[in-house]
file start-v3.txt (compact mmCIF, C-alpha atoms)
# COMPACT_ATOMS: atom_id res chain seq x y z
CA MET A 1 30.24 -53.94 28.79
CA ASN A 2 28.33 -56.15 26.36
CA LEU A 3 28.78 -56.04 22.61
CA ALA A 4 25.60 -54.03 21.94
CA ALA A 5 26.56 -51.34 24.45
CA GLU A 6 30.05 -51.11 22.98
CA VAL A 7 28.66 -50.73 19.46
CA ASN A 8 26.29 -47.99 20.61
CA GLU A 9 29.12 -46.13 22.33
CA ASN A 10 31.26 -46.33 19.20
CA LEU A 11 28.38 -45.02 17.13
CA ALA A 12 27.90 -42.13 19.54
CA GLN A 13 31.60 -41.25 19.27
CA SER A 14 31.42 -41.50 15.49
CA SER A 15 28.47 -39.14 15.53
CA ASN A 16 30.46 -36.56 17.47
CA VAL A 17 33.43 -36.87 15.12
CA LEU A 18 31.22 -36.46 12.07
CA ILE A 19 29.48 -33.40 13.50
CA TYR A 20 32.82 -31.74 14.25
CA SER A 21 34.09 -32.70 10.79
CA ALA A 22 30.98 -31.20 9.22
CA MET A 23 31.62 -27.98 11.14
CA ALA A 24 35.17 -27.87 9.80
CA VAL A 25 33.97 -28.31 6.21
CA TYR A 26 31.19 -25.74 6.70
CA THR A 27 33.89 -23.32 7.87
CA LEU A 28 35.75 -23.82 4.58
CA ALA A 29 32.46 -23.32 2.73
CA PHE A 30 31.95 -20.10 4.69
CA LEU A 31 35.35 -18.82 3.55
CA ALA A 32 34.59 -19.81 -0.05
CA HIS A 33 31.25 -17.96 0.12
CA ILE A 34 33.04 -14.89 1.44
CA SER A 35 35.41 -15.11 -1.54
CA GLU A 36 32.43 -15.44 -3.88
CA TRP A 37 30.87 -12.29 -2.46
CA VAL A 38 34.17 -10.44 -2.77
CA PHE A 39 34.87 -11.47 -6.36
CA GLY A 40 31.32 -12.22 -7.56
CA SER A 41 29.18 -10.00 -9.73
CA ARG A 42 26.85 -7.36 -8.42
CA SER A 43 23.15 -7.38 -9.12
CA ALA A 44 21.63 -5.52 -12.05
CA VAL A 45 20.45 -2.69 -9.80
CA GLY A 46 23.92 -2.26 -8.33
CA ARG A 47 25.61 -2.27 -11.74
CA THR A 48 23.12 0.26 -13.13
CA ALA A 49 23.56 2.60 -10.18
CA SER A 50 27.34 2.34 -10.45
CA ALA A 51 27.25 3.11 -14.17
CA ILE A 52 25.04 6.14 -13.56
CA THR A 53 27.38 7.47 -10.89
CA ALA A 54 30.43 6.90 -13.08
CA ASN A 55 28.86 8.61 -16.11
CA ALA A 56 27.48 11.61 -14.23
CA PRO A 57 30.69 13.76 -14.36
CA ALA A 58 31.14 12.97 -18.08
CA ALA A 59 27.54 13.92 -18.78
CA ALA A 60 27.97 17.24 -17.00
CA LYS A 61 31.15 17.93 -19.00
CA VAL A 62 29.38 17.29 -22.29
CA ALA A 63 26.55 19.63 -21.30
CA VAL A 64 29.00 22.43 -20.47
CA GLN A 65 30.90 21.99 -23.74
CA VAL A 66 27.73 22.09 -25.82
CA GLY A 67 26.44 25.19 -24.02
CA GLY A 68 29.82 26.91 -24.22
CA LYS A 69 29.70 26.97 -28.04
CA GLY A 70 26.68 29.22 -27.99
CA GLY A 71 24.32 26.53 -29.11
CA ALA A 72 21.48 24.86 -27.28
CA THR A 73 22.45 23.17 -24.03
CA ALA A 74 22.06 19.39 -24.19
CA VAL A 75 19.83 17.97 -21.48
CA LEU A 76 20.92 14.48 -20.50
CA GLU A 77 18.22 12.60 -18.66
CA ARG A 78 19.22 10.45 -15.73
CA PRO A 79 18.44 6.78 -16.51
CA LYS A 80 15.76 5.32 -14.28
CA VAL A 81 16.86 2.57 -11.93
CA VAL A 82 14.13 -0.07 -12.04
CA THR A 83 14.06 -1.88 -8.73
CA ARG A 84 10.50 -3.18 -8.40
CA SER A 85 8.21 -5.22 -10.60
CA ALA A 86 5.32 -3.46 -12.26
CA VAL A 87 1.91 -3.53 -10.60
CA GLY A 88 0.07 -6.70 -11.55
CA SER A 89 3.20 -8.28 -12.98
CA ARG A 90 4.86 -11.45 -11.70
CA ASP A 91 8.18 -10.58 -13.32
CA VAL A 92 11.09 -9.83 -11.02
CA PRO A 93 13.39 -7.11 -12.39
CA ASP A 94 16.58 -8.48 -10.86
CA GLY A 95 18.16 -11.88 -10.30
CA PRO A 96 20.66 -13.21 -7.79
CA GLY A 97 23.67 -11.02 -7.30
CA ALA A 98 26.50 -13.17 -6.01
CA ALA A 99 26.07 -16.13 -8.36
CA GLY A 100 28.13 -16.01 -11.54
CA GLY A 101 28.83 -12.94 -13.61
CA SER A 102 32.58 -13.12 -13.20
CA GLU A 103 34.74 -16.17 -13.74
CA LYS A 104 36.55 -15.92 -10.42
CA GLY A 105 33.37 -15.26 -8.43
CA ASP A 106 31.60 -18.18 -10.05
CA LEU A 107 34.56 -20.46 -9.32
CA TYR A 108 34.53 -19.62 -5.62
CA GLY A 109 30.76 -20.04 -5.61
CA ARG A 110 31.01 -23.54 -7.06
CA ILE A 111 33.71 -24.44 -4.54
CA ALA A 112 31.47 -23.16 -1.75
CA ILE A 113 28.54 -25.28 -2.93
CA SER A 114 30.75 -28.36 -3.26
CA LEU A 115 32.07 -27.88 0.26
CA THR A 116 28.53 -27.34 1.54
CA VAL A 117 27.47 -30.65 -0.05
CA LEU A 118 30.45 -32.43 1.54
CA GLY A 119 29.70 -30.90 4.93
CA PHE A 120 26.05 -31.84 4.55
CA LEU A 121 26.93 -35.49 3.87
CA MET A 122 29.10 -35.58 7.01
CA HIS A 123 26.30 -33.84 8.89
CA VAL A 124 23.80 -36.49 7.78
CA GLY A 125 26.24 -39.19 8.84
CA GLY A 126 26.52 -37.63 12.30
CA VAL A 127 22.76 -37.43 12.77
CA VAL A 128 22.20 -40.99 11.50
CA SER A 129 25.00 -42.33 13.73
CA ARG A 130 23.36 -40.64 16.71
CA ALA A 131 20.05 -42.27 15.81
CA LEU A 132 21.66 -45.70 15.54
CA SER A 133 23.49 -45.26 18.85
CA VAL A 134 20.24 -44.61 20.73
CA GLN A 135 18.02 -46.70 18.43
CA ARG A 136 15.35 -44.03 18.14
CA ALA A 137 14.58 -40.77 16.37
CA PRO A 138 17.58 -38.44 16.72
CA TRP A 139 15.67 -35.50 18.17
CA GLY A 140 14.86 -36.40 21.76
CA ASN A 141 16.69 -33.42 23.33
CA MET A 142 17.86 -29.93 22.39
CA TYR A 143 21.26 -31.10 21.14
CA GLU A 144 19.75 -33.63 18.77
CA PHE A 145 17.01 -31.24 17.67
CA SER A 146 19.57 -28.50 16.91
CA THR A 147 21.85 -30.73 14.85
CA THR A 148 18.93 -32.19 12.92
CA PHE A 149 17.41 -28.73 12.41
CA ALA A 150 20.66 -27.45 10.88
CA MET A 151 20.91 -30.54 8.69
CA VAL A 152 17.39 -30.03 7.31
CA ALA A 153 18.04 -26.32 6.69
CA VAL A 154 21.14 -27.11 4.62
CA GLY A 155 19.31 -29.95 2.86
CA THR A 156 16.44 -27.62 1.92
CA TYR A 157 18.89 -25.10 0.50
CA LEU A 158 20.69 -27.76 -1.56
CA ALA A 159 17.36 -29.14 -2.77
CA LEU A 160 16.36 -25.70 -4.04
CA LEU A 161 19.68 -25.47 -5.87
CA ALA A 162 19.12 -28.91 -7.39
CA LEU A 163 15.73 -27.67 -8.62
CA LYS A 164 17.55 -24.86 -10.47
CA LYS A 165 16.26 -22.14 -8.16
CA ASN A 166 18.40 -18.99 -7.98
CA VAL A 167 19.07 -19.12 -4.25
CA ARG A 168 22.86 -19.21 -4.12
CA TRP A 169 22.78 -15.79 -2.46
CA ILE A 170 21.45 -17.40 0.73
CA GLY A 171 24.48 -19.70 1.03
CA LEU A 172 26.60 -17.28 3.08
CA PRO A 173 24.01 -16.40 5.76
CA LEU A 174 22.90 -20.05 5.87
CA VAL A 175 26.37 -21.50 6.46
CA THR A 176 27.11 -18.75 9.00
CA THR A 177 24.04 -19.48 11.11
CA VAL A 178 24.47 -23.25 10.74
CA LEU A 179 27.96 -22.91 12.21
CA LEU A 180 26.56 -20.85 15.08
CA ASP A 181 23.79 -23.40 15.67
CA LEU A 182 26.17 -26.36 15.68
CA GLY A 183 28.67 -24.50 17.85
CA LEU A 184 25.95 -23.84 20.41
CA ALA A 185 24.79 -27.44 20.17
CA VAL A 186 28.18 -29.05 20.81
CA SER A 187 29.32 -26.56 23.48
CA VAL A 188 26.19 -25.69 25.47
CA LEU A 189 23.37 -28.05 24.52
CA TYR A 190 25.32 -31.29 24.24
CA THR A 191 23.69 -34.31 25.92
CA GLU A 192 25.08 -37.82 26.09
CA SER A 193 23.23 -40.53 24.18
CA ASP A 194 20.39 -41.79 26.34
CA GLN A 195 16.91 -43.24 26.13
CA LEU A 196 13.76 -41.16 26.25
CA VAL A 197 11.30 -40.56 29.05
CA PRO A 198 8.20 -42.80 28.81
CA ALA A 199 6.01 -40.02 27.37
CA LEU A 200 8.19 -39.88 24.25
CA HIS A 201 8.04 -43.59 23.45
CA SER A 202 5.58 -43.19 20.62
CA TYR A 203 5.55 -43.20 16.82
CA TRP A 204 4.25 -39.63 17.14
CA LEU A 205 7.82 -38.63 17.97
CA TRP A 206 8.72 -39.35 14.36
CA ILE A 207 5.68 -37.52 13.02
CA HIS A 208 5.28 -34.50 15.30
CA VAL A 209 8.91 -33.52 15.90
CA SER A 210 10.05 -34.22 12.33
CA CYS A 211 7.33 -31.86 11.05
CA ALA A 212 8.44 -29.24 13.59
CA ILE A 213 12.04 -29.52 12.37
CA ILE A 214 11.12 -29.29 8.68
CA SER A 215 8.79 -26.36 9.35
CA GLY A 216 11.42 -24.52 11.38
CA ALA A 217 14.14 -25.03 8.77
CA ALA A 218 11.92 -23.64 6.02
CA LEU A 219 10.70 -20.76 8.19
CA TYR A 220 14.34 -19.93 8.92
CA LEU A 221 15.06 -19.55 5.19
CA GLY A 222 12.03 -17.30 4.93
CA ALA A 223 13.23 -15.21 7.89
CA VAL A 224 16.69 -14.73 6.35
CA SER A 225 15.11 -13.60 3.09
CA THR A 226 12.76 -11.25 4.97
CA LEU A 227 15.63 -9.66 6.90
CA LEU A 228 17.64 -9.13 3.71
CA TYR A 229 14.51 -7.70 2.08
CA LEU A 230 14.30 -4.94 4.70
CA PHE A 231 17.91 -3.89 4.11
CA ARG A 232 17.61 -4.18 0.33
CA ASP A 233 14.34 -2.25 0.20
CA ARG A 234 15.89 0.64 2.10
CA TYR A 235 18.91 0.54 -0.24
CA GLU A 236 16.68 0.68 -3.33
CA GLU A 237 14.73 3.60 -1.89
CA ARG A 238 17.97 5.51 -1.53
CA LEU A 239 18.93 4.65 -5.11
CA GLU A 240 15.66 6.12 -6.32
CA ASN A 241 16.36 9.31 -4.37
CA PRO A 242 19.95 10.21 -5.36
CA ASP A 243 19.75 13.59 -3.64
CA GLY A 244 19.06 12.04 -0.24
CA LYS A 245 21.22 10.09 2.17
CA GLN A 246 23.05 7.21 0.47
CA SER A 247 24.25 3.89 1.86
CA GLY A 248 27.87 3.50 2.93
CA ALA A 249 30.49 1.74 0.85
CA PHE A 250 30.35 -1.50 2.85
CA ALA A 251 26.55 -1.63 2.81
CA ARG A 252 26.54 -1.05 -0.95
CA SER A 253 29.11 -3.79 -1.52
CA VAL A 254 26.89 -6.28 0.33
CA LEU A 255 23.47 -5.20 -0.86
CA GLU A 256 24.56 -5.02 -4.51
CA ARG A 257 25.17 -8.78 -4.35
CA VAL A 258 21.73 -9.90 -3.18
CA PRO A 259 18.55 -10.11 -5.26
CA SER A 260 16.19 -7.18 -5.60
CA ALA A 261 13.73 -6.41 -2.83
CA ALA A 262 10.93 -7.78 -5.00
CA SER A 263 12.77 -11.11 -5.37
CA LEU A 264 13.47 -11.41 -1.66
CA ASP A 265 9.94 -10.48 -0.68
CA LYS A 266 8.39 -12.99 -3.07
CA PHE A 267 10.77 -15.77 -2.01
CA ALA A 268 10.02 -15.21 1.69
CA TYR A 269 6.28 -15.16 1.12
CA ARG A 270 6.32 -18.35 -0.94
CA ILE A 271 8.40 -20.18 1.68
CA ASN A 272 6.18 -19.08 4.57
CA ALA A 273 2.95 -19.76 2.71
CA THR A 274 4.13 -23.21 1.60
CA VAL A 275 5.25 -24.36 5.06
CA PHE A 276 2.34 -22.88 7.04
CA PRO A 277 0.05 -25.91 6.47
CA LEU A 278 2.85 -28.17 7.72
CA TRP A 279 3.22 -26.07 10.87
CA THR A 280 -0.54 -26.32 11.33
CA PHE A 281 -0.31 -30.10 11.07
CA THR A 282 2.59 -30.05 13.56
CA ILE A 283 0.37 -28.46 16.21
CA ILE A 284 -2.51 -30.85 15.47
CA ALA A 285 -0.18 -33.85 15.66
CA GLY A 286 1.16 -32.57 18.97
CA ALA A 287 -2.36 -32.33 20.36
CA ILE A 288 -3.14 -35.89 19.29
CA TRP A 289 0.10 -37.10 20.87
CA ALA A 290 -0.69 -35.17 24.07
CA GLU A 291 -4.03 -36.95 24.33
CA ALA A 292 -2.32 -40.33 23.94
CA ALA A 293 0.44 -39.50 26.45
CA TRP A 294 -1.34 -37.35 29.05
CA GLY A 295 -5.04 -37.94 28.42
CA ARG A 296 -5.87 -34.44 27.09
CA TYR A 297 -5.51 -32.66 23.78
CA TRP A 298 -4.73 -29.25 25.23
CA GLY A 299 -3.46 -28.33 28.68
CA TRP A 300 -2.09 -24.79 28.31
CA ASP A 301 1.45 -26.05 28.72
CA PRO A 302 3.98 -23.27 27.87
CA LYS A 303 5.23 -25.16 24.81
CA GLU A 304 1.68 -25.66 23.54
CA VAL A 305 0.80 -22.02 24.14
CA TRP A 306 3.84 -20.65 22.31
CA SER A 307 3.38 -23.08 19.44
CA PHE A 308 -0.11 -21.66 19.04
CA ILE A 309 1.18 -18.08 19.37
CA THR A 310 3.66 -18.81 16.58
CA TRP A 311 0.84 -20.20 14.45
CA VAL A 312 -1.28 -17.09 15.07
CA ALA A 313 1.67 -14.82 14.19
CA TYR A 314 2.26 -16.55 10.85
CA ALA A 315 -1.47 -16.66 10.15
CA GLY A 316 -1.55 -12.91 10.78
CA TYR A 317 1.40 -12.42 8.41
CA LEU A 318 -0.28 -14.38 5.62
CA HIS A 319 -3.51 -12.49 6.20
CA ALA A 320 -1.60 -9.20 6.15
CA ARG A 321 -0.04 -10.14 2.81
CA ALA A 322 -3.54 -10.54 1.40
CA THR A 323 -4.42 -7.03 2.59
CA ALA A 324 -3.16 -4.22 0.36
CA GLY A 325 -2.21 -1.96 3.24
CA TRP A 326 0.01 -4.57 4.92
CA LYS A 327 2.43 -5.46 2.16
CA GLY A 328 6.08 -4.56 2.16
CA ARG A 329 7.87 -3.62 5.36
CA LYS A 330 4.91 -3.92 7.70
CA ALA A 331 4.32 -7.51 6.66
CA ALA A 332 8.08 -8.17 6.83
CA TYR A 333 8.25 -6.97 10.43
CA LEU A 334 5.35 -9.25 11.27
CA ALA A 335 7.10 -12.20 9.60
CA LEU A 336 10.26 -11.59 11.66
CA ALA A 337 8.19 -11.32 14.83
CA ALA A 338 6.55 -14.64 13.98
CA PHE A 339 9.93 -16.33 13.53
CA GLY A 340 11.03 -14.73 16.80
CA CYS A 341 8.10 -16.54 18.43
CA TYR A 342 9.37 -19.80 16.94
CA LEU A 343 12.86 -19.21 18.34
CA PHE A 344 11.54 -18.30 21.78
CA ASN A 345 9.33 -21.39 21.73
CA TYR A 346 12.46 -23.47 21.20
CA TYR A 347 15.18 -21.80 23.24
CA GLY A 348 13.24 -19.74 25.78
CA ILE A 349 10.61 -22.29 26.73
CA ASN A 350 12.98 -25.26 26.79
CA ILE A 351 15.67 -23.55 28.86
CA PHE A 352 13.89 -21.06 31.12
CA VAL A 353 10.31 -22.33 31.54
CA SER A 354 9.22 -25.54 33.23
CA GLY A 355 6.40 -27.63 31.87
CA LYS A 356 5.47 -31.04 30.56
CA HIS A 357 7.92 -30.53 27.68
CA SER A 358 10.87 -29.90 30.01
CA TYR A 359 12.27 -33.35 29.22
CA ALA A 360 13.92 -31.79 26.15
CA GLY A 361 16.34 -29.83 28.31
CA VAL A 362 20.08 -29.36 27.99

call {"tool": "encode", "arguments": {"input": "start-v3.txt", "output": "structure tokens"}}
result
Amino acid sequence: MNLAAEVNENLAQSSNVLIYSAMAVYTLAFLAHISEWVFGSRSAVGRTASAITANAPAAAKVAVQVGGKGGATAVLERPKVVTRSAVGSRDVPDGPGAAGGSEKGDLYGRIAISLTVLGFLMHVGGVVSRALSVQRAPWGNMYEFSTTFAMVAVGTYLALLALKKNVRWIGLPLVTTVLLDLGLAVSVLYTESDQLVPALHSYWLWIHVSCAIISGAALYLGAVSTLLYLFRDRYEERLENPDGKQSGAFARSVLERVPSAASLDKFAYRINATVFPLWTFTIIAGAIWAEAAWGRYWGWDPKEVWSFITWVAYAGYLHARATAGWKGRKAAYLALAAFGCYLFNYYGINIFVSGKHSYAGV
């Protein structure tokens, strides 16, 4: 074995060690986030609802006492729980739930963020080491794509925190899914360091696939927010109808610690709307690369078809958001379906369908 080959093998081993180390640190961050959610403050809507419930028996007692003296019975109005922004207003009535509010919850939250940063740095080291070991872009197969995808998702989250955005609530679902993604990558999708097939030897690999990874990471954050929006919106509806069926204790404990439905909905829409032009460019770049590699811009390959289906789904979602009758849950379901198309395009097409893009297999 020559010196260059030995160096590359050592780099590949270092990459594996760093990825596993990042997973270990992310696990500690996951536990810290759980502690933050246990000890952290609830959102304004949750605190208001709790106060109303706690004060209801006392209010009834006061009313009985006043009426029992022969005087006029006091009528105590039930305070209104404001859960949605006013029509035409950009103000959001509720902020993040899990971040801050109690000293212990905030402490665990800061520990969780610190551990996430440490895990992210190890994660970056693992991806860079993989790139150096193969001397190319570190996303030539599903293992490399998955590890890089998770890295970009965490990096996007940390960047939003650095920009003072109130997104700490997404830390727990993010770290959870990143651990699942990396676990799948190292156990099922792992591929030894190797060179690419001739069709991938192009600078378009850096452009096209990097844009796909960035788009997917951002769309993932939007999908998480959309899913939480559906649960939170149903929870707020039940708060506004106290005589109807109410959420269980566990559901309340979770949903009281996430932002209001209005916050989640707006965050998801902004993420999806911002990244949609990049996804559009990803498809265009892929077509240009296909012409250079195979002599045609479009060949109805399964990967090309599902990339376009994903684009149409997100275009439909954005169009639905601009239509008054398709806001709220209907648009949210469409957004989740669009992200489902993205996931199928990655996992389903790569694993179960043969085509010109089958070189990215397990």

call {"tool": "residues_around", "arguments": {"input": "start-v3.txt", "residues": "segment 266-277 of chain A", "least_positions_apart": "6", "cutoff": "6 Å", "atoms": "only C-alpha atoms", "output": "mmCIF file with C-alpha atoms, in the coordinates of the input"}}
result
data_model
loop_
_atom_site.group_PDB
_atom_site.id
_atom_site.type_symbol
_atom_site.label_atom_id
_atom_site.label_comp_id
_atom_site.auth_asym_id
_atom_site.auth_seq_id
_atom_site.Cartn_x
_atom_site.Cartn_y
_atom_site.Cartn_z
ATOM 1 C CA SER A 215 8.790 -26.360 9.350
ATOM 2 C CA GLY A 222 12.030 -17.300 4.930
ATOM 3 C CA SER A 225 15.110 -13.600 3.090
ATOM 4 C CA THR A 226 12.760 -11.250 4.970
#

call {"tool": "closest_atom_pairs", "arguments": {"input": "start-v3.txt", "of": "segment 249-343 of chain A", "to": "segment 158-177 of chain A", "cutoff": "8 Å", "atoms": "all atoms listed in the file", "output": "tab-separated table"}}
result
residue	atom	partner	partner_atom	distance
A:Arg257	CA	A:Trp169	CA	7.6
A:Val258	CA	A:Trp169	CA	6.0
A:Pro259	CA	A:Trp169	CA	7.6

call {"tool": "closest_residue", "arguments": {"input": "start-v3.txt", "among": "A:Val305, A:Val127, A:Ala137, A:Ala251", "to": "Met151 of chain A", "atoms": "all atoms listed in the file"}}
result
A:Val127

call {"tool": "atom_distance", "arguments": {"input": "start-v3.txt", "atom1": "atom CA of Gly119 of chain A", "atom2": "atom CA of Ser15 of chain A"}}
result
13.5 Å

call {"tool": "closest_residue", "arguments": {"input": "start-v3.txt", "among": "A:Leu205, A:Thr310, A:Leu336, A:Val128", "to": "Leu227 of chain A", "atoms": "only C-alpha atoms"}}
result
A:Leu336

call {"tool": "residues_around", "arguments": {"input": "start-v3.txt", "residues": "segment 337-342 of chain A", "least_positions_apart": "3", "cutoff": "9 Å", "atoms": "only C-alpha atoms", "output": "list in words"}}
result
Gly216, Leu219, Tyr220, Gly222, Ala223, Trp306, Ser307, Ile309, Thr310, Trp311, Val312, Ala313, Tyr314, Gly316, Tyr317, Ala332, Tyr333, Leu334, Asn345, Tyr346 and Tyr347 of chain A

call {"tool": "write_last_selection", "arguments": {"input": "start-v3.txt", "atoms": "C-alpha atoms", "output": "PDB file, in the frame of the given file"}}
result
ATOM      1  CA  GLY A 216      11.420 -24.520  11.380  1.00  0.00           C
ATOM      2  CA  LEU A 219      10.700 -20.760   8.190  1.00  0.00           C
ATOM      3  CA  TYR A 220      14.340 -19.930   8.920  1.00  0.00           C
ATOM      4  CA  GLY A 222      12.030 -17.300   4.930  1.00  0.00           C
ATOM      5  CA  ALA A 223      13.230 -15.210   7.890  1.00  0.00           C
ATOM      6  CA  TRP A 306       3.840 -20.650  22.310  1.00  0.00           C
ATOM      7  CA  SER A 307       3.380 -23.080  19.440  1.00  0.00           C
ATOM      8  CA  ILE A 309       1.180 -18.080  19.370  1.00  0.00           C
ATOM      9  CA  THR A 310       3.660 -18.810  16.580  1.00  0.00           C
ATOM     10  CA  TRP A 311       0.840 -20.200  14.450  1.00  0.00           C
ATOM     11  CA  VAL A 312      -1.280 -17.090  15.070  1.00  0.00           C
ATOM     12  CA  ALA A 313       1.670 -14.820  14.190  1.00  0.00           C
ATOM     13  CA  TYR A 314       2.260 -16.550  10.850  1.00  0.00           C
ATOM     14  CA  GLY A 316      -1.550 -12.910  10.780  1.00  0.00           C
ATOM     15  CA  TYR A 317       1.400 -12.420   8.410  1.00  0.00           C
ATOM     16  CA  ALA A 332       8.080  -8.170   6.830  1.00  0.00           C
ATOM     17  CA  TYR A 333       8.250  -6.970  10.430  1.00  0.00           C
ATOM     18  CA  LEU A 334       5.350  -9.250  11.270  1.00  0.00           C
ATOM     19  CA  ASN A 345       9.330 -21.390  21.730  1.00  0.00           C
ATOM     20  CA  TYR A 346      12.460 -23.470  21.200  1.00  0.00           C
ATOM     21  CA  TYR A 347      15.180 -21.800  23.240  1.00  0.00           C
TER      22      TYR A 347
END

call {"tool": "axis_aligned_box", "arguments": {"input": "start-v3.txt", "around": "segment 263-275 of chain A", "padding_each_side": "3 Å", "output": "AutoDock Vina command-line options"}}
result
--center_x 8.2 --center_y -17.4 --center_z -0.2 --size_x 16.5 --size_y 19.9 --size_z 16.4

call {"tool": "residues_around", "arguments": {"input": "start-v3.txt", "residues": "Asn16 of chain A", "least_positions_apart": "5", "cutoff": "9 Å", "atoms": "only C-alpha atoms", "output": "list in words"}}
result
Leu11, Ser21, Gly126, Ser129, Arg130 and Val186 of chain A

call {"tool": "closest_residue", "arguments": {"input": "start-v3.txt", "among": "A:Ser253, A:Trp139, A:Glu6, A:Leu121", "to": "Val38 of chain A", "atoms": "all atoms listed in the file"}}
result
A:Ser253

call {"tool": "closest_residue", "arguments": {"input": "start-v3.txt", "among": "A:Gly140, A:Gly286, A:Gly299, A:Gly328", "to": "Arg232 of chain A", "atoms": "all atoms listed in the file"}}
result
A:Gly328

call {"tool": "residues_around", "arguments": {"input": "start-v3.txt", "residues": "Ile284 of chain A", "least_positions_apart": "4", "cutoff": "12 Å", "atoms": "all atoms listed in the file", "output": "list in words"}}
result
Trp204, Ile207, His208, Val209, Cys211, Ala212, Pro277, Leu278, Trp279, Thr280, Ile288, Trp289, Ala290, Glu291, Tyr297, Trp298, Glu304, Ser307, Phe308 and Trp311 of chain A

call {"tool": "closest_residue", "arguments": {"input": "start-v3.txt", "among": "A:Val17, A:Val254, A:Ile111, A:Leu264", "to": "Leu230 of chain A", "atoms": "only C-alpha atoms"}}
result
A:Leu264

call {"tool": "atom_distance", "arguments": {"input": "start-v3.txt", "atom1": "atom CA of Val152 of chain A", "atom2": "atom CA of Val124 of chain A"}}
result
9.1 Å

call {"tool": "closest_residue", "arguments": {"input": "start-v3.txt", "among": "A:His319, A:His123, A:Lys327, A:Arg238", "to": "Ala153 of chain A", "atoms": "all atoms listed in the file"}}
result
A:His123

call {"tool": "atom_distance", "arguments": {"input": "start-v3.txt", "atom1": "atom CA of Ala22 of chain A", "atom2": "atom CA of Val178 of chain A"}}
result
10.4 Å

call {"tool": "decode", "arguments": {"input": "start-v3.txt", "residues": "segment 253-264 of chain A", "atoms": "N, CA, C and O atoms", "output": "compact mmCIF listing (two decimals), in the first residue's frame"}}
result
# COMPACT_ATOMS: atom_id res chain seq x y z
N SER A 253 -49.01 18.62 27.89
CA SER A 253 -47.66 18.92 28.38
C SER A 253 -46.69 19.18 27.23
O SER A 253 -45.75 19.95 27.38
N VAL A 254 -46.92 18.53 26.10
CA VAL A 254 -46.05 18.73 24.93
C VAL A 254 -46.45 19.98 24.17
O VAL A 254 -45.63 20.85 23.87
N LEU A 255 -47.73 20.09 23.87
CA LEU A 255 -48.20 21.18 23.00
C LEU A 255 -48.15 22.53 23.70
O LEU A 255 -48.13 23.57 23.03
N GLU A 256 -48.14 22.56 25.04
CA GLU A 256 -47.99 23.82 25.74
C GLU A 256 -46.58 24.39 25.62
O GLU A 256 -46.35 25.55 25.95
N ARG A 257 -45.64 23.58 25.14
CA ARG A 257 -44.24 24.01 25.08
C ARG A 257 -43.77 24.29 23.66
O ARG A 257 -42.57 24.38 23.41
N VAL A 258 -44.68 24.38 22.72
CA VAL A 258 -44.32 24.76 21.36
C VAL A 258 -45.00 26.09 21.05
O VAL A 258 -45.94 26.50 21.75
N PRO A 259 -44.55 26.79 20.03
CA PRO A 259 -45.17 28.08 19.70
C PRO A 259 -46.64 27.92 19.31
O PRO A 259 -47.13 26.82 19.10
N SER A 260 -47.31 29.03 19.18
CA SER A 260 -48.71 29.01 18.77
C SER A 260 -48.82 28.49 17.34
O SER A 260 -47.85 28.45 16.58
N ALA A 261 -50.03 28.08 16.97
CA ALA A 261 -50.26 27.60 15.61
C ALA A 261 -49.90 28.67 14.58
O ALA A 261 -49.34 28.38 13.52
N ALA A 262 -50.20 29.92 14.90
CA ALA A 262 -49.88 31.01 13.97
C ALA A 262 -48.38 31.12 13.75
O ALA A 262 -47.91 31.33 12.63
N SER A 263 -47.60 30.96 14.83
CA SER A 263 -46.14 31.02 14.71
C SER A 263 -45.62 29.88 13.85
O SER A 263 -44.78 30.08 12.96
N LEU A 264 -46.09 28.67 14.12
CA LEU A 264 -45.63 27.50 13.38
C LEU A 264 -46.00 27.58 11.91
O LEU A 264 -45.20 27.26 11.03
